[in-house]
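**Q** Have a peek at query_17.cif (mmCIF, C-alpha atoms).
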data_query
#
loop_
_atom_site.label_atom_id
_atom_site.label_comp_id
_atom_site.auth_asym_id
_atom_site.auth_seq_id
_atom_site.Cartn_x
_atom_site.Cartn_y
_atom_site.Cartn_z
CA MET A 1169 113.61 95.78 106.82
CA ALA A 1170 111.54 95.72 103.63
CA VAL A 1171 110.60 92.18 102.57
CA VAL A 1172 110.91 93.36 98.96
CA GLU A 1173 113.40 96.07 98.04
CA TYR A 1174 112.89 98.38 95.07
CA LEU A 1175 116.01 100.00 93.64
CA ASP A 1176 115.68 102.62 90.91
CA HIS A 1177 118.73 102.66 88.62
CA GLY A 1178 117.40 105.34 86.31
CA ARG A 1179 116.40 103.41 83.19
CA TRP A 1180 115.91 100.08 84.95
CA ALA A 1181 114.58 98.86 88.28
CA GLU A 1182 115.85 96.14 90.58
CA VAL A 1183 113.31 94.20 92.65
CA VAL A 1184 114.84 92.09 95.42
CA LEU A 1185 113.08 89.36 97.41
CA ASN A 1186 114.50 90.24 100.80
CA ARG A 1187 113.89 87.56 103.42
CA PRO A 1188 117.36 85.96 103.47
CA GLU A 1189 116.83 84.54 106.97
CA ARG A 1190 114.03 82.39 105.44
CA ARG A 1191 115.81 81.80 102.11
CA ASN A 1192 113.54 84.46 100.58
CA ALA A 1193 110.50 82.28 101.21
CA ILE A 1194 107.08 83.57 100.24
CA ASN A 1195 104.54 84.81 102.75
CA GLY A 1196 101.63 87.24 102.53
CA PRO A 1197 103.62 90.46 103.05
CA LEU A 1198 106.21 89.43 100.47
CA GLY A 1199 103.48 88.67 97.93
CA GLU A 1200 101.85 92.06 98.50
CA ALA A 1201 105.15 93.93 98.30
CA LEU A 1202 106.20 92.06 95.16
CA ALA A 1203 102.98 92.97 93.38
CA ALA A 1204 103.43 96.63 94.35
CA ALA A 1205 107.08 96.71 93.23
CA ILE A 1206 106.41 95.15 89.82
CA LYS A 1207 103.45 97.48 89.26
CA ARG A 1208 105.60 100.48 90.23
CA ALA A 1209 108.21 99.54 87.64
CA GLY A 1210 105.60 98.84 84.99
CA ASP A 1211 103.85 102.18 85.54
CA ASP A 1212 107.06 104.26 85.46
CA ASP A 1213 107.62 105.48 81.90
CA GLY A 1214 111.29 106.05 82.67
CA ILE A 1215 111.91 102.40 83.53
CA GLN A 1216 112.66 100.27 80.47
CA ALA A 1217 113.45 96.89 82.09
CA VAL A 1218 113.27 95.10 85.44
CA LEU A 1219 115.67 92.78 87.25
CA LEU A 1220 114.10 90.38 89.78
CA ARG A 1221 116.47 88.55 92.11
CA GLY A 1222 116.75 87.21 95.64
CA ALA A 1223 118.82 88.63 98.48
CA ASP A 1224 121.99 87.04 99.81
CA GLY A 1225 122.90 84.98 96.74
CA ALA A 1226 119.76 82.84 96.49
CA PHE A 1227 116.49 83.26 94.61
CA CYS A 1228 113.48 81.76 96.41
CA SER A 1229 112.82 78.58 98.40
CA GLY A 1230 109.05 78.64 97.83
CA LEU A 1231 106.29 79.12 100.38
CA ASP A 1232 107.33 79.86 103.95
CA LEU A 1233 106.13 76.56 105.41
CA LYS A 1234 106.76 77.68 108.98
CA ALA A 1235 104.35 80.59 108.50
CA PHE A 1236 101.74 78.58 106.59
CA ASN A 1237 101.65 75.87 109.25
CA ALA A 1238 101.71 78.23 112.24
CA ASP A 1239 99.09 77.87 114.96
CA PRO A 1240 97.34 80.23 115.11
CA PRO A 1241 97.69 81.06 111.40
CA PRO A 1242 98.88 84.56 110.41
CA ASP A 1243 96.20 87.16 109.73
CA TRP A 1244 97.02 87.22 106.01
CA MET A 1245 96.42 83.49 105.52
CA PRO A 1246 92.78 83.73 104.36
CA ARG A 1247 93.79 86.39 101.84
CA PHE A 1248 96.84 84.58 100.49
CA PRO A 1249 95.25 83.14 97.32
CA ALA A 1250 94.21 86.67 96.32
CA ILE A 1251 97.61 88.08 97.32
CA TRP A 1252 99.47 85.49 95.25
CA ARG A 1253 97.19 86.06 92.27
CA ARG A 1254 97.90 89.82 92.43
CA ALA A 1255 101.65 89.17 92.40
CA HIS A 1256 101.45 86.97 89.32
CA LYS A 1257 98.95 89.28 87.65
CA ALA A 1258 101.35 92.21 88.16
CA ILE A 1259 104.13 90.24 86.45
CA PHE A 1260 101.82 89.14 83.63
CA GLU A 1261 100.63 92.70 83.00
CA CYS A 1262 104.03 94.39 83.34
CA ARG A 1263 104.81 96.16 80.07
CA LYS A 1264 108.55 96.02 80.66
CA PRO A 1265 110.68 92.88 80.20
CA ILE A 1266 111.55 91.14 83.45
CA VAL A 1267 114.93 89.44 83.79
CA VAL A 1268 115.24 86.95 86.65
CA ALA A 1269 118.60 86.07 88.22
CA LEU A 1270 118.27 82.50 89.46
CA GLU A 1271 120.96 81.88 92.06
CA ARG A 1272 121.17 78.56 93.95
CA PHE A 1273 117.49 77.52 93.83
CA ALA A 1274 113.94 78.33 92.79
CA ILE A 1275 111.54 75.86 94.40
CA ASN A 1276 107.77 75.44 93.92
CA GLY A 1277 106.30 78.93 94.39
CA GLY A 1278 109.76 80.35 93.82
CA ALA A 1279 110.00 78.34 90.60
CA ALA A 1280 106.79 80.00 89.42
CA LEU A 1281 108.42 83.41 89.83
CA ALA A 1282 111.51 82.26 87.91
CA LEU A 1283 109.38 80.80 85.12
CA ALA A 1284 107.52 84.11 84.90
CA ALA A 1285 110.69 85.78 83.61
CA ASP A 1286 110.82 87.09 80.09
CA LEU A 1287 114.53 86.24 80.24
CA LEU A 1288 115.99 83.88 82.85
CA VAL A 1289 119.69 83.96 83.74
CA THR A 1290 120.66 81.00 85.91
CA GLY A 1291 123.72 79.53 87.49
CA GLU A 1292 125.00 76.37 85.84
CA THR A 1293 124.47 74.33 89.02
CA ALA A 1294 121.55 76.34 90.42
CA PHE A 1295 118.31 74.41 90.17
CA LEU A 1296 114.62 74.92 89.58
CA GLN A 1297 112.11 72.45 91.01
CA VAL A 1298 108.36 72.24 90.48
CA GLY A 1299 107.89 69.66 93.22
CA GLU A 1300 104.20 69.95 94.07
CA VAL A 1301 103.37 66.65 92.35
CA ARG A 1302 105.37 64.87 95.08
CA GLN A 1303 102.82 66.15 97.60
CA GLY A 1304 99.92 65.04 95.47
CA LEU A 1305 99.26 68.65 94.46
CA ALA A 1306 98.96 70.57 91.23
CA ALA A 1307 101.24 73.53 90.47
CA PRO A 1308 98.86 76.02 88.82
CA TYR A 1309 101.07 79.09 88.55
CA ASN A 1310 104.08 77.09 87.43
CA MET A 1311 101.88 75.43 84.82
CA ALA A 1312 100.36 78.73 83.71
CA TRP A 1313 103.77 80.30 83.04
CA LEU A 1314 105.17 77.18 81.41
CA ARG A 1315 102.21 76.89 79.04
CA LEU A 1316 102.36 80.60 78.23
CA ARG A 1317 105.99 80.38 77.14
CA HIS A 1318 106.69 76.71 76.32
CA GLY A 1319 105.17 73.59 74.79
CA GLU A 1320 103.36 70.78 76.55
CA SER A 1321 106.33 68.42 76.44
CA THR A 1322 108.60 70.91 78.22
CA ALA A 1323 105.93 71.66 80.82
CA ALA A 1324 105.41 67.94 81.41
CA GLN A 1325 109.09 67.33 82.11
CA LEU A 1326 109.11 69.86 84.93
CA THR A 1327 105.66 69.38 86.42
CA LEU A 1328 105.16 65.59 86.16
CA THR A 1329 108.57 64.50 87.42
CA GLY A 1330 108.92 67.01 90.27
CA ARG A 1331 112.68 66.75 89.82
CA ARG A 1332 115.38 69.36 90.18
CA PHE A 1333 116.52 70.79 86.86
CA ALA A 1334 119.98 72.34 86.90
CA GLY A 1335 120.70 75.59 85.12
CA SER A 1336 122.48 73.85 82.25
CA GLN A 1337 119.38 71.67 81.70
CA LEU A 1338 117.10 74.71 81.80
CA ALA A 1339 119.18 76.31 79.08
CA SER A 1340 119.03 73.14 76.96
CA LEU A 1341 115.23 73.11 77.29
CA GLY A 1342 115.03 76.74 76.22
CA ILE A 1343 113.64 77.80 79.61
CA ALA A 1344 116.74 79.78 80.56
CA TYR A 1345 118.14 82.51 78.33
CA ALA A 1346 121.61 81.73 79.67
CA ALA A 1347 123.32 79.40 82.14
CA VAL A 1348 126.49 81.02 83.47
CA PRO A 1349 129.05 80.22 86.18
CA ASP A 1350 127.30 80.33 89.55
CA ASP A 1351 129.34 83.26 90.85
CA ASP A 1352 128.48 85.36 87.78
CA VAL A 1353 124.68 85.16 87.81
CA ALA A 1354 123.88 88.49 89.45
CA ALA A 1355 126.51 90.42 87.48
CA ASP A 1356 125.56 88.87 84.14
CA ALA A 1357 121.86 89.50 84.77
CA ARG A 1358 122.59 93.13 85.60
CA ARG A 1359 124.64 93.54 82.44
CA LEU A 1360 121.79 92.11 80.40
CA VAL A 1361 119.26 94.49 81.97
CA GLU A 1362 121.59 97.45 81.46
CA GLU A 1363 121.98 96.50 77.80
CA LEU A 1364 118.23 96.26 77.30
CA ALA A 1365 117.57 99.50 79.18
CA ALA A 1366 119.89 101.39 76.84
CA TYR A 1367 117.63 100.76 73.85
CA PRO A 1368 115.37 103.62 72.68
CA ASP A 1369 112.52 104.58 75.00
CA GLY A 1370 109.53 102.31 74.68
CA ALA A 1371 111.17 99.85 72.27
CA LEU A 1372 111.13 96.98 74.74
CA ALA A 1373 107.54 97.65 75.82
CA ARG A 1374 106.37 97.74 72.21
CA ASN A 1375 108.08 94.45 71.39
CA LYS A 1376 106.76 92.78 74.54
CA ALA A 1377 103.26 93.94 73.60
CA LEU A 1378 103.71 92.34 70.17
CA LEU A 1379 104.84 89.07 71.75
CA ARG A 1380 101.80 89.00 74.04
CA ALA A 1381 99.43 89.92 71.19
CA TYR A 1382 99.83 86.39 69.82
CA ASN A 1383 98.22 85.09 73.01
CA ASP A 1384 95.70 87.83 73.71
CA ILE A 1385 93.99 86.79 76.94
CA PRO A 1386 93.50 88.71 80.20
CA ALA A 1387 95.69 87.71 83.13
CA ASP A 1388 92.84 86.47 85.32
CA ASP A 1389 91.42 84.33 82.51
CA TRP A 1390 94.84 82.79 81.87
CA PHE A 1391 95.51 81.94 85.51
CA ASP A 1392 91.92 80.73 86.01
CA ARG A 1393 92.53 78.06 83.38
CA ALA A 1394 95.11 76.52 85.71
CA THR A 1395 93.69 77.24 89.15
CA ARG A 1396 90.22 75.86 88.45
CA GLN A 1397 91.78 72.47 87.65
CA THR A 1398 93.71 72.08 90.91
CA GLY A 1399 91.10 70.20 92.96
CA PRO A 1400 90.90 70.26 96.78
CA ARG A 1401 93.26 72.65 98.54
CA VAL A 1402 95.51 71.35 101.33
CA ARG A 1403 97.95 73.07 103.59
CA PRO A 1404 101.46 73.28 102.12
CA GLN A 1405 103.92 70.72 103.43
CA ALA A 1406 107.62 70.33 102.80
CA VAL A 1407 108.80 68.90 99.50
CA GLN A 1408 112.16 67.14 99.59
#
Give the structure from this file in structure tokens form.

**A**
Amino acid sequence: MAVVEYLDHGRWAEVVLNRPERRNAINGPLGEALAAAIKRAGDDDGIQAVLLRGADGAFCSGLDLKAFNADPPPDWMPRFPAIWRRAHKAIFECRKPIVVALERFAINGGAALALAADLLVTGETAFLQVGEVRQGLAAPYNMAWLRLRHGESTAAQLTLTGRRFAGSQLASLGIAYAAVPDDDVAADARRLVEELAAYPDGALARNKALLRAYNDIPADDWFDRATRQTGPRVRPQAVQ
């Protein structure tokens, strides 16, 4: 079973985090496959928009703590920082708009993927949590995406409190494009992507390029601003 599924719908692509038995938690293979899937969509001139969602009615529970704390550690562990950077770099550099369907939860590393969306469709009672501060850690990729798209005050609310923010709150903060009934998230996100994909060829890519031109900085430079401030690295532990 592929840990990330890529579905080609003609004018739009669907990228599915596919580890439902682990609540779509992030490990090395998922990070590598996600980067490849987003790059594939971005490089395909026929694809106009991308939908990113999680399998089995949930988005992403964050890092796979069982894998990260395994003894012995998995062979991809030493490469994980580079793997995770490639995944976020692929999203940053994707020329096509990415719509995220946030069902049930997006926690820590999963929250970073949700915040990376150009347009976020969330369930009204689904939640996003940037909880690293409760472990004494920084949240560099969450911070990088928040500061790319939102002001300091909004970023502070999510990253300094470590609290769960429900979909309705995310919409009020301007983080979510729409908060819809929980059972409608996937269908509404698909309808949005289908609407966008029907626009003339290249229109979305040109407008996304214009948006990014106002913050013209290479992906690695942008993420380095956050990651070089994080201090000592520790092994991930559970955040309640």

**Q** Just want the 7 Å neighbourhood of Tyr1345 (chain A), counted on only C-alpha atoms, with same-chain residues fewer than 6 positions away dropped. Output as JSON, numbers by chain.

**A** {"A": [1287, 1288, 1289, 1339]}

**Q** Let me know the residues the PyMOL selection byres ((chain A and resi 1212) around 12) catches in the file above, as JSON, numbers by chain.

**A** {"A": [1176, 1178, 1179, 1180, 1181, 1205, 1206, 1207, 1208, 1209, 1210, 1211, 1213, 1214, 1215, 1216, 1217, 1218, 1262, 1263, 1264, 1369, 1370, 1373]}

**Q** What's around Phe1227 (chain A) at 6 Å? Count only C-alpha atoms, leave out sequence neighbours fewer than 2 positions away in its own chain, and write the answer as a PyMOL selection string.

**A** chain A and resi 1221-1222+1270-1271+1273-1274

**Q** Just how far from CA of Val1267 (chain A) is CA of Pro1368 (chain A), in Å to one decimal?

**A**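 Rounded to one decimal, the two atoms are 18.0 Å apart.
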
**Q** Would you kindly translate the PyMOL selection byres ((chain A and resi 1308) around 9) into the concrete residues it picks from this file, as a PDB file with C-alpha atoms, in the frame of the given file?

**A**
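Final file, selection.pdb:
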ATOM      1  CA  ALA A1280     106.790  80.000  89.420  1.00  0.00           C
ATOM      2  CA  ALA A1306      98.960  70.570  91.230  1.00  0.00           C
ATOM      3  CA  ALA A1307     101.240  73.530  90.470  1.00  0.00           C
ATOM      4  CA  TYR A1309     101.070  79.090  88.550  1.00  0.00           C
ATOM      5  CA  ASN A1310     104.080  77.090  87.430  1.00  0.00           C
ATOM      6  CA  MET A1311     101.880  75.430  84.820  1.00  0.00           C
ATOM      7  CA  ALA A1312     100.360  78.730  83.710  1.00  0.00           C
ATOM      8  CA  TRP A1313     103.770  80.300  83.040  1.00  0.00           C
ATOM      9  CA  PHE A1391      95.510  81.940  85.510  1.00  0.00           C
ATOM     10  CA  ASP A1392      91.920  80.730  86.010  1.00  0.00           C
ATOM     11  CA  ARG A1393      92.530  78.060  83.380  1.00  0.00           C
ATOM     12  CA  ALA A1394      95.110  76.520  85.710  1.00  0.00           C
ATOM     13  CA  THR A1395      93.690  77.240  89.150  1.00  0.00           C
ATOM     14  CA  ARG A1396      90.220  75.860  88.450  1.00  0.00           C
ATOM     15  CA  GLN A1397      91.780  72.470  87.650  1.00  0.00           C
ATOM     16  CA  THR A1398      93.710  72.080  90.910  1.00  0.00           C
TER      17      THR A1398
END

**Q** Compile the contact shell of Thr1322 (chain A) as a ChimeraX atom specification: residues with an atom at most 9 Å away, counting all atoms listed in the file, same-chain residues fewer than 6 positions apart removed.

**A** /A:1314-1315,1341-1343

**Q** Could you write out the selected residues, including C-alpha atoms, as an mmCIF file, in the coordinates of the input?

**A**
data_model
loop_
_atom_site.group_PDB
_atom_site.id
_atom_site.type_symbol
_atom_site.label_atom_id
_atom_site.label_comp_id
_atom_site.auth_asym_id
_atom_site.auth_seq_id
_atom_site.Cartn_x
_atom_site.Cartn_y
_atom_site.Cartn_z
ATOM 1 C CA LEU A 1314 105.170 77.180 81.410
ATOM 2 C CA ARG A 1315 102.210 76.890 79.040
ATOM 3 C CA LEU A 1341 115.230 73.110 77.290
ATOM 4 C CA GLY A 1342 115.030 76.740 76.220
ATOM 5 C CA ILE A 1343 113.640 77.800 79.610
#

**Q** Provide the CA of Ala1226 (chain A) to CA of Ala1258 (chain A) distance in Å, to one decimal place.

**A**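 Computed distance, CA of Ala1226 (chain A) to CA of Ala1258 (chain A), equals 22.3 Å.
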
**Q** What does region 1227-1261 of chain A look like written to a file with N, CA, C and O atoms, as an mmCIF file, in the first residue's frame?

**A**
data_model
loop_
_atom_site.group_PDB
_atom_site.id
_atom_site.type_symbol
_atom_site.label_atom_id
_atom_site.label_comp_id
_atom_site.auth_asym_id
_atom_site.auth_seq_id
_atom_site.Cartn_x
_atom_site.Cartn_y
_atom_site.Cartn_z
ATOM 1 N N PHE A 1227 -7.012 14.063 8.781
ATOM 2 C CA PHE A 1227 -5.892 14.653 8.043
ATOM 3 C C PHE A 1227 -4.564 14.066 8.505
ATOM 4 O O PHE A 1227 -4.055 13.132 7.893
ATOM 5 N N CYS A 1228 -3.988 14.556 9.597
ATOM 6 C CA CYS A 1228 -2.660 14.070 9.981
ATOM 7 C C CYS A 1228 -2.423 14.332 11.462
ATOM 8 O O CYS A 1228 -2.602 15.453 11.943
ATOM 9 N N SER A 1229 -1.979 13.291 12.171
ATOM 10 C CA SER A 1229 -1.777 13.369 13.616
ATOM 11 C C SER A 1229 -0.376 13.833 14.000
ATOM 12 O O SER A 1229 -0.037 13.862 15.187
ATOM 13 N N GLY A 1230 0.446 14.198 13.014
ATOM 14 C CA GLY A 1230 1.801 14.658 13.318
ATOM 15 C C GLY A 1230 2.827 13.570 13.115
ATOM 16 O O GLY A 1230 2.617 12.621 12.357
ATOM 17 N N LEU A 1231 3.982 13.713 13.775
ATOM 18 C CA LEU A 1231 5.038 12.716 13.627
ATOM 19 C C LEU A 1231 4.599 11.378 14.209
ATOM 20 O O LEU A 1231 3.885 11.322 15.213
ATOM 21 N N ASP A 1232 5.063 10.302 13.584
ATOM 22 C CA ASP A 1232 4.779 8.957 14.075
ATOM 23 C C ASP A 1232 5.711 8.690 15.263
ATOM 24 O O ASP A 1232 6.847 8.258 15.099
ATOM 25 N N LEU A 1233 5.230 8.964 16.463
ATOM 26 C CA LEU A 1233 6.081 8.889 17.647
ATOM 27 C C LEU A 1233 6.589 7.477 17.912
ATOM 28 O O LEU A 1233 7.692 7.290 18.419
ATOM 29 N N LYS A 1234 5.787 6.482 17.550
ATOM 30 C CA LYS A 1234 6.234 5.092 17.731
ATOM 31 C C LYS A 1234 7.477 4.825 16.895
ATOM 32 O O LYS A 1234 8.446 4.208 17.360
ATOM 33 N N ALA A 1235 7.488 5.314 15.657
ATOM 34 C CA ALA A 1235 8.640 5.122 14.774
ATOM 35 C C ALA A 1235 9.838 5.944 15.247
ATOM 36 O O ALA A 1235 10.975 5.451 15.268
ATOM 37 N N PHE A 1236 9.601 7.183 15.642
ATOM 38 C CA PHE A 1236 10.709 8.061 16.031
ATOM 39 C C PHE A 1236 11.365 7.621 17.329
ATOM 40 O O PHE A 1236 12.538 7.920 17.560
ATOM 41 N N ASN A 1237 10.641 6.922 18.166
ATOM 42 C CA ASN A 1237 11.203 6.470 19.443
ATOM 43 C C ASN A 1237 11.523 4.980 19.450
ATOM 44 O O ASN A 1237 11.762 4.393 20.506
ATOM 45 N N ALA A 1238 11.551 4.376 18.266
ATOM 46 C CA ALA A 1238 11.860 2.950 18.163
ATOM 47 C C ALA A 1238 13.332 2.689 18.512
ATOM 48 O O ALA A 1238 14.204 3.536 18.330
ATOM 49 N N ASP A 1239 13.589 1.515 18.999
ATOM 50 C CA ASP A 1239 14.953 1.080 19.321
ATOM 51 C C ASP A 1239 15.156 -0.325 18.755
ATOM 52 O O ASP A 1239 14.532 -1.273 19.217
ATOM 53 N N PRO A 1240 15.983 -0.468 17.712
ATOM 54 C CA PRO A 1240 16.813 0.568 17.101
ATOM 55 C C PRO A 1240 15.978 1.518 16.232
ATOM 56 O O PRO A 1240 14.890 1.158 15.792
ATOM 57 N N PRO A 1241 16.512 2.710 15.969
ATOM 58 C CA PRO A 1241 15.766 3.663 15.142
ATOM 59 C C PRO A 1241 15.701 3.199 13.697
ATOM 60 O O PRO A 1241 16.571 2.447 13.223
ATOM 61 N N PRO A 1242 14.688 3.613 12.954
ATOM 62 C CA PRO A 1242 14.580 3.236 11.529
ATOM 63 C C PRO A 1242 15.737 3.830 10.726
ATOM 64 O O PRO A 1242 16.340 4.839 11.117
ATOM 65 N N ASP A 1243 16.024 3.198 9.578
ATOM 66 C CA ASP A 1243 17.194 3.610 8.804
ATOM 67 C C ASP A 1243 17.066 5.020 8.237
ATOM 68 O O ASP A 1243 18.059 5.672 7.929
ATOM 69 N N TRP A 1244 15.830 5.521 8.125
ATOM 70 C CA TRP A 1244 15.645 6.867 7.579
ATOM 71 C C TRP A 1244 15.794 7.967 8.623
ATOM 72 O O TRP A 1244 15.814 9.151 8.286
ATOM 73 N N MET A 1245 15.919 7.604 9.892
ATOM 74 C CA MET A 1245 15.945 8.611 10.950
ATOM 75 C C MET A 1245 17.027 9.677 10.752
ATOM 76 O O MET A 1245 16.736 10.882 10.860
ATOM 77 N N PRO A 1246 18.275 9.309 10.453
ATOM 78 C CA PRO A 1246 19.288 10.368 10.293
ATOM 79 C C PRO A 1246 18.991 11.310 9.138
ATOM 80 O O PRO A 1246 19.442 12.449 9.141
ATOM 81 N N ARG A 1247 18.226 10.837 8.156
ATOM 82 C CA ARG A 1247 17.920 11.653 6.981
ATOM 83 C C ARG A 1247 16.628 12.441 7.126
ATOM 84 O O ARG A 1247 16.282 13.223 6.248
ATOM 85 N N PHE A 1248 15.916 12.256 8.252
ATOM 86 C CA PHE A 1248 14.580 12.844 8.322
ATOM 87 C C PHE A 1248 14.565 14.367 8.203
ATOM 88 O O PHE A 1248 13.687 14.907 7.512
ATOM 89 N N PRO A 1249 15.472 15.103 8.849
ATOM 90 C CA PRO A 1249 15.418 16.569 8.656
ATOM 91 C C PRO A 1249 15.490 16.973 7.184
ATOM 92 O O PRO A 1249 14.762 17.879 6.753
ATOM 93 N N ALA A 1250 16.327 16.292 6.404
ATOM 94 C CA ALA A 1250 16.418 16.598 4.973
ATOM 95 C C ALA A 1250 15.151 16.154 4.233
ATOM 96 O O ALA A 1250 14.679 16.843 3.318
ATOM 97 N N ILE A 1251 14.600 15.011 4.627
ATOM 98 C CA ILE A 1251 13.358 14.528 4.014
ATOM 99 C C ILE A 1251 12.225 15.525 4.249
ATOM 100 O O ILE A 1251 11.491 15.896 3.322
ATOM 101 N N TRP A 1252 12.093 15.976 5.491
ATOM 102 C CA TRP A 1252 10.992 16.874 5.841
ATOM 103 C C TRP A 1252 11.164 18.230 5.167
ATOM 104 O O TRP A 1252 10.202 18.846 4.735
ATOM 105 N N ARG A 1253 12.407 18.676 5.042
ATOM 106 C CA ARG A 1253 12.659 19.922 4.315
ATOM 107 C C ARG A 1253 12.242 19.775 2.852
ATOM 108 O O ARG A 1253 11.611 20.689 2.297
ATOM 109 N N ARG A 1254 12.553 18.638 2.227
ATOM 110 C CA ARG A 1254 12.181 18.448 0.817
ATOM 111 C C ARG A 1254 10.670 18.478 0.639
ATOM 112 O O ARG A 1254 10.160 19.016 -0.355
ATOM 113 N N ALA A 1255 9.937 17.902 1.589
ATOM 114 C CA ALA A 1255 8.473 17.907 1.485
ATOM 115 C C ALA A 1255 7.938 19.334 1.533
ATOM 116 O O ALA A 1255 7.102 19.726 0.706
ATOM 117 N N HIS A 1256 8.414 20.112 2.483
ATOM 118 C CA HIS A 1256 7.934 21.496 2.587
ATOM 119 C C HIS A 1256 8.436 22.348 1.432
ATOM 120 O O HIS A 1256 7.699 23.228 0.944
ATOM 121 N N LYS A 1257 9.636 22.084 0.977
ATOM 122 C CA LYS A 1257 10.162 22.827 -0.172
ATOM 123 C C LYS A 1257 9.324 22.543 -1.414
ATOM 124 O O LYS A 1257 9.039 23.451 -2.212
ATOM 125 N N ALA A 1258 8.908 21.293 -1.596
ATOM 126 C CA ALA A 1258 8.067 20.942 -2.749
ATOM 127 C C ALA A 1258 6.744 21.702 -2.705
ATOM 128 O O ALA A 1258 6.262 22.202 -3.729
ATOM 129 N N ILE A 1259 6.159 21.823 -1.510
ATOM 130 C CA ILE A 1259 4.905 22.570 -1.379
ATOM 131 C C ILE A 1259 5.151 24.053 -1.653
ATOM 132 O O ILE A 1259 4.395 24.703 -2.381
ATOM 133 N N PHE A 1260 6.208 24.600 -1.093
ATOM 134 C CA PHE A 1260 6.544 26.011 -1.269
ATOM 135 C C PHE A 1260 6.739 26.343 -2.745
ATOM 136 O O PHE A 1260 6.305 27.395 -3.224
ATOM 137 N N GLU A 1261 7.403 25.452 -3.470
ATOM 138 C CA GLU A 1261 7.753 25.721 -4.862
ATOM 139 C C GLU A 1261 6.684 25.277 -5.855
ATOM 140 O O GLU A 1261 6.813 25.531 -7.056
#
